[in-house]
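Have a look at coords.tsv; it's TSV, C-alpha atoms:
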```tsv
chain	number	residue	atom	x	y	z
A	298	MET	CA	6.42	12.84	16.03
A	299	GLN	CA	10.04	13.75	15.47
A	300	LEU	CA	9.94	14.08	11.68
A	301	LEU	CA	7.10	16.59	11.98
A	302	LYS	CA	8.75	18.60	14.74
A	303	GLN	CA	11.95	18.82	12.70
A	304	LYS	CA	9.98	19.99	9.68
A	305	ILE	CA	8.31	22.68	11.81
A	306	LYS	CA	11.70	23.81	13.15
A	307	ASP	CA	13.31	23.86	9.69
A	308	GLU	CA	10.50	25.31	7.58
A	309	GLY	CA	7.89	26.82	9.89
A	310	THR	CA	7.66	30.60	10.17
A	311	VAL	CA	6.44	32.23	13.37
A	312	LEU	CA	4.35	35.18	12.19
A	313	ASN	CA	3.56	36.36	15.73
A	314	ASP	CA	3.12	34.77	19.14
A	315	GLN	CA	-0.24	33.31	18.08
A	316	VAL	CA	0.35	32.16	14.50
A	317	LEU	CA	2.68	29.57	13.02
A	318	LYS	CA	2.91	29.45	9.23
A	319	VAL	CA	3.58	26.02	7.75
A	320	ASP	CA	2.71	26.81	4.14
A	321	SER	CA	5.68	24.91	2.75
A	322	PHE	CA	4.54	21.42	3.80
A	323	LEU	CA	0.96	21.45	5.15
A	324	ASN	CA	-1.21	24.49	4.47
A	325	HIS	CA	-0.44	25.53	0.89
A	326	GLN	CA	2.35	23.34	-0.43
A	327	ILE	CA	1.97	19.76	0.78
A	328	ASP	CA	4.75	17.24	1.36
A	329	PRO	CA	3.20	13.89	0.36
A	330	VAL	CA	5.86	11.79	2.09
A	331	LEU	CA	5.29	13.68	5.35
A	332	MET	CA	1.53	13.22	4.91
A	333	GLN	CA	2.07	9.49	4.50
A	334	GLU	CA	4.06	9.34	7.74
A	335	ILE	CA	1.38	11.39	9.50
A	336	GLY	CA	-1.25	8.98	8.21
A	337	ARG	CA	0.78	6.00	9.38
A	338	GLU	CA	1.15	7.53	12.85
A	339	PHE	CA	-2.54	8.43	13.27
A	340	ALA	CA	-3.53	4.94	12.10
A	341	TYR	CA	-1.18	3.43	14.68
A	342	ARG	CA	-2.50	5.58	17.53
A	343	PHE	CA	-6.13	4.77	16.74
A	344	LYS	CA	-5.70	1.19	15.53
A	345	ASN	CA	-7.77	-0.35	18.33
A	346	GLU	CA	-10.71	2.01	18.06
A	347	GLU	CA	-12.65	0.18	15.30
A	348	ILE	CA	-12.89	3.32	13.22
A	349	THR	CA	-15.19	3.18	10.20
A	350	LYS	CA	-14.86	6.74	8.95
A	351	ILE	CA	-12.59	9.77	9.09
A	352	LEU	CA	-14.17	13.21	9.29
A	353	THR	CA	-12.21	16.36	8.48
A	354	LEU	CA	-12.65	19.91	7.22
A	355	GLU	CA	-11.59	21.38	3.87
A	356	SER	CA	-8.92	22.12	2.83
A	357	SER	CA	-5.81	21.47	4.96
A	358	GLY	CA	-7.33	18.49	6.76
A	359	ILE	CA	-7.77	16.53	3.55
A	360	ALA	CA	-4.22	15.36	2.85
A	361	PRO	CA	-3.43	13.97	6.34
A	362	SER	CA	-6.91	12.44	6.48
A	363	VAL	CA	-6.68	10.65	3.13
A	364	MET	CA	-3.35	9.10	4.09
A	365	THR	CA	-4.77	7.99	7.44
A	366	GLY	CA	-7.80	6.57	5.63
A	367	LEU	CA	-5.51	4.58	3.36
A	368	PHE	CA	-3.72	2.99	6.35
A	369	LEU	CA	-6.95	2.32	8.27
A	370	GLY	CA	-8.87	1.16	5.18
A	371	VAL	CA	-11.74	3.62	5.71
A	372	PRO	CA	-13.32	6.46	3.72
A	373	VAL	CA	-12.78	10.13	4.47
A	374	VAL	CA	-15.53	12.75	4.52
A	375	PHE	CA	-14.58	16.42	4.41
A	376	ALA	CA	-16.99	19.01	5.73
A	377	ARG	CA	-17.54	21.84	3.29
A	378	LYS	CA	-17.31	25.48	4.24
A	379	ARG	CA	-18.87	26.85	1.06
A	380	LYS	CA	-21.94	26.16	-1.00
A	381	SER	CA	-21.71	23.28	-3.43
A	382	LEU	CA	-24.05	22.43	-6.30
A	383	THR	CA	-24.06	18.80	-5.26
A	384	LEU	CA	-24.19	19.15	-1.46
A	385	THR	CA	-27.81	20.07	-0.95
A	386	GLU	CA	-29.76	17.40	0.88
A	387	ASN	CA	-29.86	15.83	4.28
A	388	LEU	CA	-27.28	18.26	5.69
A	389	LEU	CA	-25.66	18.08	9.10
A	390	THR	CA	-24.37	21.54	9.95
A	391	ALA	CA	-22.46	23.48	12.59
A	392	ASN	CA	-20.97	26.97	12.95
A	393	VAL	CA	-17.22	27.36	13.29
A	394	TYR	CA	-15.18	30.46	14.08
A	395	SER	CA	-11.88	30.28	12.21
A	396	PHE	CA	-8.92	31.61	14.19
A	397	THR	CA	-6.76	32.16	11.10
A	398	LYS	CA	-9.50	33.58	8.87
A	399	GLN	CA	-11.14	35.55	11.69
A	400	GLU	CA	-14.64	34.76	10.52
A	401	GLU	CA	-17.48	32.40	11.36
A	402	ASN	CA	-18.50	29.87	8.74
A	403	PRO	CA	-21.22	27.27	8.65
A	404	ILE	CA	-19.80	23.86	7.82
A	405	ALA	CA	-21.83	21.03	6.32
A	406	VAL	CA	-21.69	17.28	5.81
A	407	SER	CA	-24.24	15.15	4.02
A	408	GLY	CA	-26.03	12.72	6.31
A	409	SER	CA	-25.72	10.18	3.49
A	410	HIS	CA	-22.06	9.74	4.41
A	411	LEU	CA	-22.25	9.68	8.21
A	412	LYS	CA	-24.47	7.09	9.87
A	413	ASN	CA	-25.28	6.23	13.45
A	414	SER	CA	-23.47	2.93	12.89
A	415	ASP	CA	-20.21	4.77	12.18
A	416	CYS	CA	-17.25	5.15	14.53
A	417	VAL	CA	-15.59	8.42	13.64
A	418	LEU	CA	-12.01	9.69	13.84
A	419	ILE	CA	-11.89	13.47	13.43
A	420	ILE	CA	-8.64	14.77	11.91
A	421	ASP	CA	-7.53	18.35	11.41
A	422	ASP	CA	-4.29	20.21	10.70
A	423	PHE	CA	-4.28	22.61	13.67
A	424	LEU	CA	-5.86	22.74	17.10
A	425	ALA	CA	-6.00	26.23	18.58
A	426	ASN	CA	-9.23	27.27	20.34
A	427	GLY	CA	-10.91	24.02	19.39
A	428	GLN	CA	-13.68	25.60	17.30
A	429	ALA	CA	-13.21	23.46	14.20
A	430	ALA	CA	-12.92	20.28	16.26
A	431	LYS	CA	-16.05	21.15	18.22
A	432	GLY	CA	-17.93	21.85	14.98
A	433	LEU	CA	-16.97	18.44	13.64
A	434	MET	CA	-17.93	16.87	16.98
A	435	GLU	CA	-21.34	18.55	16.74
A	436	ILE	CA	-21.82	17.10	13.25
A	437	THR	CA	-20.76	13.66	14.50
A	438	LYS	CA	-23.27	13.94	17.33
A	439	GLN	CA	-26.08	14.93	14.93
A	440	SER	CA	-25.41	11.83	12.88
A	441	GLY	CA	-25.63	9.58	15.94
A	442	ALA	CA	-22.20	8.12	15.19
A	443	LYS	CA	-19.72	7.27	17.92
A	444	LEU	CA	-16.66	9.52	18.29
A	445	ALA	CA	-13.43	7.51	18.62
A	446	GLY	CA	-11.25	10.57	19.06
A	447	ILE	CA	-9.47	13.44	17.39
A	448	GLY	CA	-6.15	13.44	15.55
A	449	ILE	CA	-4.39	16.78	15.28
A	450	VAL	CA	-1.23	17.42	13.30
A	451	ILE	CA	-0.12	20.54	15.22
A	452	GLU	CA	-1.61	21.59	18.57
A	453	LYS	CA	-1.00	25.06	19.95
A	454	ALA	CA	-1.03	23.89	23.54
A	455	PHE	CA	-0.92	27.48	24.88
A	456	GLN	CA	-4.47	27.93	23.63
A	457	ASP	CA	-7.45	26.31	25.32
A	458	GLY	CA	-8.80	23.91	22.69
A	459	GLY	CA	-6.77	20.86	23.66
A	460	SER	CA	-7.44	21.04	27.38
A	461	GLU	CA	-11.15	21.73	26.82
A	462	LEU	CA	-11.52	18.68	24.60
A	463	ARG	CA	-9.52	16.42	26.92
A	464	ASP	CA	-11.59	17.66	29.88
A	465	LEU	CA	-14.65	16.43	27.96
A	466	GLY	CA	-13.05	12.97	27.95
A	467	VAL	CA	-12.18	13.03	24.25
A	468	LYS	CA	-9.05	11.13	23.15
A	469	VAL	CA	-6.98	13.84	21.45
A	470	GLU	CA	-3.76	12.72	19.76
A	471	SER	CA	-1.53	15.60	18.60
A	472	LEU	CA	1.60	14.80	16.62
A	473	ALA	CA	3.31	18.02	17.69
A	474	ARG	CA	2.38	20.21	20.67
A	475	ILE	CA	3.62	23.79	20.75
A	476	SER	CA	4.02	25.43	24.13
A	477	SER	CA	5.04	28.84	22.86
A	478	LEU	CA	5.59	30.96	19.75
A	479	ALA	CA	7.10	33.88	21.69
A	480	ASN	CA	10.23	35.61	20.40
A	481	ARG	CA	9.66	34.21	16.92
A	482	GLU	CA	10.63	30.79	18.18
A	483	VAL	CA	8.81	27.46	18.27
A	484	SER	CA	8.94	25.65	21.57
A	485	PHE	CA	7.47	22.18	21.88
A	486	THR	CA	5.93	20.53	24.88
A	487	GLU	CA	5.39	16.91	25.76
A	488	GLU	CA	2.77	14.84	24.05
A	489	VAL	CA	-0.17	13.96	26.28
A	490	THR	CA	-0.14	10.28	27.14
A	491	VAL	CA	-3.60	8.81	26.65
B	295	MET	CA	-9.25	3.73	-16.13
B	296	GLN	CA	-11.64	0.84	-15.62
B	297	LEU	CA	-11.82	0.98	-11.80
B	298	LEU	CA	-12.82	4.64	-11.96
B	299	LYS	CA	-15.42	4.12	-14.70
B	300	GLN	CA	-16.97	1.27	-12.71
B	301	LYS	CA	-17.11	3.47	-9.62
B	302	ILE	CA	-18.84	6.20	-11.63
B	303	LYS	CA	-21.35	3.70	-13.00
B	304	ASP	CA	-22.04	2.17	-9.56
B	305	GLU	CA	-22.06	5.27	-7.38
B	306	GLY	CA	-22.32	8.35	-9.57
B	307	THR	CA	-25.64	10.21	-9.74
B	308	VAL	CA	-26.62	12.11	-12.86
B	309	LEU	CA	-28.33	15.25	-11.55
B	310	ASN	CA	-29.12	16.58	-15.03
B	311	ASP	CA	-27.57	16.38	-18.47
B	312	GLN	CA	-24.76	18.73	-17.40
B	313	VAL	CA	-23.92	17.59	-13.88
B	314	LEU	CA	-22.58	14.32	-12.51
B	315	LYS	CA	-22.50	13.95	-8.75
B	316	VAL	CA	-19.68	11.80	-7.38
B	317	ASP	CA	-19.93	12.82	-3.73
B	318	SER	CA	-19.50	9.27	-2.46
B	319	PHE	CA	-15.88	8.80	-3.61
B	320	LEU	CA	-14.38	12.08	-4.89
B	321	ASN	CA	-16.15	15.34	-4.08
B	322	HIS	CA	-17.35	14.99	-0.46
B	323	GLN	CA	-16.58	11.49	0.73
B	324	ILE	CA	-13.21	10.30	-0.58
B	325	ASP	CA	-12.18	6.71	-1.30
B	326	PRO	CA	-8.47	6.62	-0.37
B	327	VAL	CA	-7.78	3.36	-2.23
B	328	LEU	CA	-9.29	4.80	-5.41
B	329	MET	CA	-7.21	7.96	-4.91
B	330	GLN	CA	-4.09	5.84	-4.61
B	331	GLU	CA	-4.90	4.06	-7.90
B	332	ILE	CA	-5.60	7.42	-9.54
B	333	GLY	CA	-2.25	8.71	-8.27
B	334	ARG	CA	-0.50	5.61	-9.58
B	335	GLU	CA	-2.09	6.04	-13.01
B	336	PHE	CA	-1.29	9.76	-13.32
B	337	ALA	CA	2.29	9.09	-12.24
B	338	TYR	CA	2.57	6.42	-14.90
B	339	ARG	CA	1.16	8.62	-17.66
B	340	PHE	CA	3.50	11.51	-16.83
B	341	LYS	CA	6.54	9.51	-15.75
B	342	ASN	CA	8.78	10.78	-18.55
B	343	GLU	CA	7.96	14.46	-18.16
B	344	GLU	CA	10.49	15.30	-15.42
B	345	ILE	CA	7.83	16.83	-13.24
B	346	THR	CA	9.02	18.76	-10.18
B	347	LYS	CA	5.69	19.97	-8.83
B	348	ILE	CA	1.97	19.26	-8.92
B	349	LEU	CA	-0.44	22.20	-8.98
B	350	THR	CA	-4.10	21.79	-8.11
B	351	LEU	CA	-7.08	23.70	-6.73
B	352	GLU	CA	-8.78	23.28	-3.36
B	353	SER	CA	-10.61	21.18	-2.35
B	354	SER	CA	-11.42	18.17	-4.55
B	355	GLY	CA	-8.12	18.28	-6.42
B	356	ILE	CA	-6.10	17.72	-3.27
B	357	ALA	CA	-6.60	13.99	-2.67
B	358	PRO	CA	-5.75	12.78	-6.21
B	359	SER	CA	-2.85	15.26	-6.33
B	360	VAL	CA	-1.28	14.16	-3.04
B	361	MET	CA	-1.37	10.51	-4.11
B	362	THR	CA	0.19	11.41	-7.47
B	363	GLY	CA	2.83	13.45	-5.65
B	364	LEU	CA	3.64	10.45	-3.49
B	365	PHE	CA	4.24	8.24	-6.56
B	366	LEU	CA	6.22	10.92	-8.44
B	367	GLY	CA	8.16	12.03	-5.35
B	368	VAL	CA	7.20	15.70	-5.75
B	369	PRO	CA	5.37	18.30	-3.63
B	370	VAL	CA	1.83	19.45	-4.29
B	371	VAL	CA	0.66	23.07	-4.20
B	372	PHE	CA	-3.04	23.82	-4.00
B	373	ALA	CA	-4.33	27.16	-5.20
B	374	ARG	CA	-6.58	28.81	-2.66
B	375	LYS	CA	-9.98	30.23	-3.49
B	376	ARG	CA	-10.46	32.12	-0.26
B	377	LYS	CA	-8.44	34.53	1.84
B	378	SER	CA	-5.92	32.99	4.17
B	379	LEU	CA	-4.09	34.62	7.05
B	380	THR	CA	-0.83	33.09	5.91
B	381	LEU	CA	-1.16	33.46	2.13
B	382	THR	CA	-0.42	37.15	1.71
B	383	GLU	CA	2.81	37.79	-0.16
B	384	ASN	CA	4.19	37.30	-3.61
B	385	LEU	CA	0.84	36.09	-4.98
B	386	LEU	CA	0.24	34.66	-8.43
B	387	THR	CA	-3.47	35.04	-9.20
B	388	ALA	CA	-6.09	34.24	-11.82
B	389	ASN	CA	-9.88	34.44	-12.10
B	390	VAL	CA	-11.89	31.24	-12.50
B	391	TYR	CA	-15.58	30.81	-13.23
B	392	SER	CA	-16.83	27.70	-11.43
B	393	PHE	CA	-19.36	25.68	-13.43
B	394	THR	CA	-20.73	23.89	-10.38
B	395	LYS	CA	-20.77	26.89	-8.04
B	396	GLN	CA	-21.90	29.32	-10.76
B	397	GLU	CA	-19.62	32.09	-9.54
B	398	GLU	CA	-16.27	33.64	-10.39
B	399	ASN	CA	-13.50	33.34	-7.84
B	400	PRO	CA	-9.97	34.66	-7.78
B	401	ILE	CA	-7.49	31.88	-7.08
B	402	ALA	CA	-4.04	32.41	-5.62
B	403	VAL	CA	-0.73	30.63	-5.24
B	404	SER	CA	2.35	31.93	-3.47
B	405	GLY	CA	5.26	32.56	-5.80
B	406	SER	CA	7.46	31.08	-3.05
B	407	HIS	CA	6.25	27.63	-4.06
B	408	LEU	CA	6.31	27.88	-7.87
B	409	LYS	CA	9.57	28.79	-9.57
B	410	ASN	CA	10.64	29.26	-13.16
B	411	SER	CA	12.81	26.17	-12.72
B	412	ASP	CA	9.74	24.01	-12.02
B	413	CYS	CA	8.07	21.61	-14.42
B	414	VAL	CA	4.40	21.50	-13.44
B	415	LEU	CA	1.71	18.86	-13.68
B	416	ILE	CA	-1.75	20.38	-13.16
B	417	ILE	CA	-4.30	17.99	-11.65
B	418	ASP	CA	-8.00	18.54	-11.07
B	419	ASP	CA	-11.07	16.42	-10.36
B	420	PHE	CA	-13.28	17.55	-13.25
B	421	LEU	CA	-12.77	19.13	-16.66
B	422	ALA	CA	-15.89	20.83	-18.02
B	423	ASN	CA	-15.44	24.22	-19.68
B	424	GLY	CA	-11.76	24.31	-18.80
B	425	GLN	CA	-11.93	27.42	-16.61
B	426	ALA	CA	-10.15	25.96	-13.60
B	427	ALA	CA	-7.46	24.37	-15.76
B	428	LYS	CA	-6.91	27.64	-17.64
B	429	GLY	CA	-6.67	29.52	-14.35
B	430	LEU	CA	-4.00	27.13	-13.12
B	431	MET	CA	-2.21	27.41	-16.50
B	432	GLU	CA	-2.23	31.21	-16.13
B	433	ILE	CA	-0.65	30.90	-12.68
B	434	THR	CA	1.95	28.47	-14.05
B	435	LYS	CA	2.75	30.95	-16.84
B	436	GLN	CA	3.12	33.83	-14.35
B	437	SER	CA	5.67	31.80	-12.40
B	438	GLY	CA	7.72	31.10	-15.53
B	439	ALA	CA	7.55	27.37	-14.87
B	440	LYS	CA	7.18	24.84	-17.68
B	441	LEU	CA	3.81	23.10	-18.04
B	442	ALA	CA	4.18	19.33	-18.49
B	443	GLY	CA	0.48	18.70	-18.89
B	444	ILE	CA	-2.86	18.32	-17.16
B	445	GLY	CA	-4.26	15.28	-15.38
B	446	ILE	CA	-8.03	15.15	-15.04
B	447	VAL	CA	-9.96	12.53	-13.11
B	448	ILE	CA	-13.29	12.97	-14.95
B	449	GLU	CA	-13.65	14.87	-18.23
B	450	LYS	CA	-17.05	15.87	-19.52
B	451	ALA	CA	-16.06	15.48	-23.14
B	452	PHE	CA	-19.34	17.00	-24.37
B	453	GLN	CA	-18.18	20.37	-23.03
B	454	ASP	CA	-15.43	22.36	-24.72
B	455	GLY	CA	-12.66	22.45	-22.15
B	456	GLY	CA	-10.82	19.33	-23.25
B	457	SER	CA	-10.76	20.11	-26.94
B	458	GLU	CA	-9.74	23.73	-26.30
B	459	LEU	CA	-6.79	22.66	-24.17
B	460	ARG	CA	-5.69	19.95	-26.60
B	461	ASP	CA	-5.95	22.44	-29.47
B	462	LEU	CA	-3.46	24.59	-27.55
B	463	GLY	CA	-1.07	21.64	-27.66
B	464	VAL	CA	-1.42	20.78	-23.97
B	465	LYS	CA	-1.06	17.11	-22.99
B	466	VAL	CA	-4.38	16.37	-21.24
B	467	GLU	CA	-4.75	12.94	-19.65
B	468	SER	CA	-8.29	12.17	-18.45
B	469	LEU	CA	-8.90	8.94	-16.55
B	470	ALA	CA	-12.58	8.84	-17.55
B	471	ARG	CA	-14.19	10.74	-20.45
B	472	ILE	CA	-17.94	11.18	-20.44
B	473	SER	CA	-19.66	11.64	-23.78
B	474	SER	CA	-23.16	12.17	-22.42
B	475	LEU	CA	-25.24	12.51	-19.26
B	476	ALA	CA	-28.56	12.49	-21.13
B	477	ASN	CA	-31.47	10.39	-19.88
B	478	ARG	CA	-29.88	10.20	-16.41
B	479	GLU	CA	-27.27	7.84	-17.80
B	480	VAL	CA	-23.48	8.05	-17.93
B	481	SER	CA	-21.97	7.23	-21.32
B	482	PHE	CA	-18.22	7.04	-21.69
B	483	THR	CA	-16.12	7.81	-24.72
B	484	GLU	CA	-12.64	6.72	-25.70
B	485	GLU	CA	-9.60	8.12	-24.00
B	486	VAL	CA	-7.56	10.45	-26.21
B	487	THR	CA	-4.27	8.84	-27.19
B	488	VAL	CA	-1.44	11.30	-26.69
```
What would the structure in this file look like if it were written as C-alpha cells?
Amino acid sequence: MQLLKQKIKDEGTVLNDQVLKVDSFLNHQIDPVLMQEIGREFAYRFKNEEITKILTLESSGIAPSVMTGLFLGVPVVFARKRKSLTLTENLLTANVYSFTKQEENPIAVSGSHLKNSDCVLIIDDFLANGQAAKGLMEITKQSGAKLAGIGIVIEKAFQDGGSELRDLGVKVESLARISSLANREVSFTEEVTV
Amino acid sequence: MQLLKQKIKDEGTVLNDQVLKVDSFLNHQIDPVLMQEIGREFAYRFKNEEITKILTLESSGIAPSVMTGLFLGVPVVFARKRKSLTLTENLLTANVYSFTKQEENPIAVSGSHLKNSDCVLIIDDFLANGQAAKGLMEITKQSGAKLAGIGIVIEKAFQDGGSELRDLGVKVESLARISSLANREVSFTEEVTV
C-alpha cells in the first residue's frame, strides 16, 4: 500500500534494527484519513471471505479495525490486556508475549461476542514474531469460529511471524512488509501474493 | 443522541446502580456504524471551535475519537496507561483514578504530538467522577494548548464529574446523559444546552 509506505518513509523512526517507531500516525497519534484508507484496503482484500466479525487487540489495533469494520459492515471486538470491571464472564483467553513491551500478558475476549457461527478477520498493527496474532488465533479457535485470515498494517518480514503463519496455511495480508531496519533505514520487500 | 440512547436501552446492562455495561457496542465489541454517527455528531457540535487535535485515552476512547477526527480532518492522540517501548521522551503525564478499574494509573502523552499552538477536543467514552477528563485536561494544560471542550459518549449525570467540569466553564457535550441506574433500569435526563 503505497500511501502507507510513504508515510513510514516520511514519518517513521528506526530506533534500532529491530524496532520501527510510528507514533506519529499509528501507535500514539493516529491519522484518521490513513486509517480509513487502511480499512478500505483490508475490506477489499478480504471482500470474498464472508467475514462476520473483526478481532483485534487493544490499543493500536482498534483504529484500523474499526475502519475496516465500517467498510465490511461488521462489528469489531478488541481483546483486552488488562482487567476490566465489565469483562468478567465467559472468557476466552490466551497468553501473548509482547515484543515491544517485553512482557507476557494474558488477553481476554468475552465468549458472548465470538460465536462458532462467526467468520473472523484478525487485524493488528504490527506483525513481528507472531505472538499477538497467534494469541488471537487461539481465542478464535476456542470460540469455534472460522478464521478467514489476518490483516496486518506493518509486517517486519525479517522476523519469523509472517512465514510461520503462512506455513500454517493462514491468509496473511500485510499492507507494508519491511525487509530490514539496518543502518537506521527502512527497506521494504514485496507483498506476498495470496 | 437518539440512536445512542436506543442502543443503550436495547443492549446496555445495568450491573448495579453505579455501573452500566455497554460491552456489546462501545467497551469491548464496537459498532463501527454507531461510532461513525457519534463522530459525525461530535464534529457537528464542535464545528466552530477551530479544533486542531483530538485527545483521548486508551482504549475505549479511540473508536469514537478516530471517527470524530475523520469528520473534523484532525489527528487523534491517545494517552497511554501503560509503558510503551516507543513512548519514552518528552512526556506529559497525569494521574487518573479509574472508577471501573478501581485503581490509579499514570497516563502519558508525548509532547511531540501536543503543542501550545493546538486547540484540543478531549473525547472519552464515559464521564463519571471526571477523573479521566481532568487528567486529560491536565495534560492539555502542560502542553500549553487551548482546550476547546470535552465530548463524552455517555455521562452518568448522577455523579459529579459533569457538573464539576461545567462549573469550571468547560464546554462538555454528552451524547447521552443518564440520571439513574436504580432498579436495574436506565433513565435518561436532558442534554445540557451550551
Set out as a Markdown table a contact list for chain A and chain B with a cut-off of 7 Å, giving each residue of chain A that qualifies its closest atom pair and distance in Å to one decimal, counting all atoms listed in the file, ordered by chain and rising residue number.
```
| residue | atom | partner | partner_atom | distance |
| --- | --- | --- | --- | --- |
| A:Lys318 | CA | B:Thr380 | CA | 6.2 |
| A:His325 | CA | B:Val371 | CA | 5.8 |
| A:Gln326 | CA | B:Val371 | CA | 4.1 |
| A:Ile327 | CA | B:Val370 | CA | 5.1 |
| A:Asp328 | CA | B:Pro369 | CA | 5.1 |
| A:Pro329 | CA | B:Leu364 | CA | 5.2 |
| A:Val330 | CA | B:Leu364 | CA | 6.2 |
| A:Glu355 | CA | B:Ser353 | CA | 6.3 |
| A:Ser356 | CA | B:Ser353 | CA | 5.5 |
| A:Ile359 | CA | B:Ala357 | CA | 6.8 |
| A:Ala360 | CA | B:Ala357 | CA | 6.2 |
| A:Val363 | CA | B:Pro326 | CA | 5.6 |
| A:Gly366 | CA | B:Pro326 | CA | 6.0 |
| A:Leu367 | CA | B:Pro326 | CA | 5.2 |
| A:Pro372 | CA | B:Asp325 | CA | 5.2 |
| A:Val373 | CA | B:Ile324 | CA | 5.1 |
| A:Val374 | CA | B:Gln323 | CA | 4.1 |
| A:Phe375 | CA | B:His322 | CA | 5.8 |
| A:Ser381 | CA | B:Lys395 | CA | 5.9 |
| A:Leu382 | CA | B:Thr394 | CA | 5.5 |
| A:Thr383 | CA | B:Lys315 | CA | 6.2 |
| A:Thr397 | CA | B:Leu379 | CA | 5.4 |
| A:Lys398 | CA | B:Leu379 | CA | 5.8 |
| A:His410 | CA | B:Gln323 | CA | 6.8 |
```
Note to self: as a VMD selection string, please: the residues near A:Leu444 (cut-off 7 Å, only C-alpha atoms, same-chain neighbours under 6 positions excluded).
What the structure shows: chain A and resid 416 to 418 437
Just-selected residues, C-alpha atoms written as a compact mmCIF listing (two decimals), keeping the file's coordinate frame:
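That gives us out.txt:
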```txt
# COMPACT_ATOMS: atom_id res chain seq x y z
CA CYS A 416 -17.25 5.15 14.53
CA VAL A 417 -15.59 8.42 13.64
CA LEU A 418 -12.01 9.69 13.84
CA THR A 437 -20.76 13.66 14.50
```
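The space separating atom CA of A:Ile404 from atom CA of A:Ala391 comes to 5.5 Å.
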Note to self: With all atoms listed in the file as the counted atoms, please give the residues lying no more than 6 Å from A:Ala442, apart from itself and same-chain residues fewer than 6 positions off, as number ranges by chain.
What the structure shows: A: 412-416
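Going from atom CA of B:Gln436 to atom CA of B:Glu397 covers 23.3 Å.
The two atoms in question, atom CA of A:Phe455 and atom CA of A:Ala425, are spaced 8.2 Å apart.
Ranking A:Gly441, A:Gly432, A:Gly459, A:Gly336 by their shortest atom-to-atom distance to A:Gly408, with only C-alpha atoms included, puts A:Gly441 first.
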Check: So, counting only C-alpha atoms, which residue among A:Asn392, A:Ser476, A:Glu461, A:Ser471 is closest to A:Ala429?
Finding: A:Asn392
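Proximity to A:Phe343 was assessed for A:Glu470, A:Glu488, A:Asp457, A:Glu482 counting all atoms listed in the file; the smallest distance is recorded for A:Glu470.
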Check: When distances are computed from all atoms listed in the file, which of B:Leu469, B:Val486, B:Leu385, B:Ile448 shows the smallest separation from B:Ala337?
Finding: B:Leu469
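Across A:Gln315, A:Thr486, A:Thr353, A:Thr390, the tightest approach to A:Gln456 is made by A:Gln315 when counting all atoms listed in the file.
Taking only C-alpha atoms into account, A:Leu301 lies nearest to A:Ile449 out of the set A:Leu478, A:Ile449, A:Leu465, A:Val393.
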Would you mind completing stretch 320-331 of chain A to N, CA and C atoms and writing the output as a PDB file, in the frame of the given file?
```pdb
ATOM      1  N   ASP A 320       3.183  26.856   5.516  1.00  0.00           N
ATOM      2  CA  ASP A 320       2.710  26.810   4.140  1.00  0.00           C
ATOM      3  C   ASP A 320       3.589  25.973   3.225  1.00  0.00           C
ATOM      4  N   SER A 321       4.792  25.621   3.667  1.00  0.00           N
ATOM      5  CA  SER A 321       5.680  24.910   2.750  1.00  0.00           C
ATOM      6  C   SER A 321       5.461  23.409   2.772  1.00  0.00           C
ATOM      7  N   PHE A 322       4.722  22.879   3.765  1.00  0.00           N
ATOM      8  CA  PHE A 322       4.540  21.420   3.800  1.00  0.00           C
ATOM      9  C   PHE A 322       3.157  20.945   4.248  1.00  0.00           C
ATOM     10  N   LEU A 323       2.270  21.876   4.645  1.00  0.00           N
ATOM     11  CA  LEU A 323       0.960  21.450   5.150  1.00  0.00           C
ATOM     12  C   LEU A 323      -0.199  22.317   4.657  1.00  0.00           C
ATOM     13  N   ASN A 324      -0.057  23.627   4.695  1.00  0.00           N
ATOM     14  CA  ASN A 324      -1.210  24.490   4.470  1.00  0.00           C
ATOM     15  C   ASN A 324      -1.326  25.140   3.100  1.00  0.00           C
ATOM     16  N   HIS A 325      -0.355  24.949   2.234  1.00  0.00           N
ATOM     17  CA  HIS A 325      -0.440  25.530   0.890  1.00  0.00           C
ATOM     18  C   HIS A 325       0.342  24.621  -0.055  1.00  0.00           C
ATOM     19  N   GLN A 326       1.598  24.436   0.178  1.00  0.00           N
ATOM     20  CA  GLN A 326       2.350  23.340  -0.430  1.00  0.00           C
ATOM     21  C   GLN A 326       2.265  22.169   0.541  1.00  0.00           C
ATOM     22  N   ILE A 327       2.120  20.969  -0.030  1.00  0.00           N
ATOM     23  CA  ILE A 327       1.970  19.760   0.780  1.00  0.00           C
ATOM     24  C   ILE A 327       3.124  18.812   0.469  1.00  0.00           C
ATOM     25  N   ASP A 328       3.701  18.245   1.509  1.00  0.00           N
ATOM     26  CA  ASP A 328       4.750  17.240   1.360  1.00  0.00           C
ATOM     27  C   ASP A 328       4.090  15.869   1.453  1.00  0.00           C
ATOM     28  N   PRO A 329       3.927  15.168   0.321  1.00  0.00           N
ATOM     29  CA  PRO A 329       3.200  13.890   0.360  1.00  0.00           C
ATOM     30  C   PRO A 329       3.863  12.819   1.225  1.00  0.00           C
ATOM     31  N   VAL A 330       5.177  12.797   1.269  1.00  0.00           N
ATOM     32  CA  VAL A 330       5.860  11.790   2.090  1.00  0.00           C
ATOM     33  C   VAL A 330       5.580  12.068   3.577  1.00  0.00           C
ATOM     34  N   LEU A 331       5.618  13.321   3.966  1.00  0.00           N
ATOM     35  CA  LEU A 331       5.290  13.680   5.350  1.00  0.00           C
ATOM     36  C   LEU A 331       3.831  13.309   5.653  1.00  0.00           C
TER      37      LEU A 331
END
```
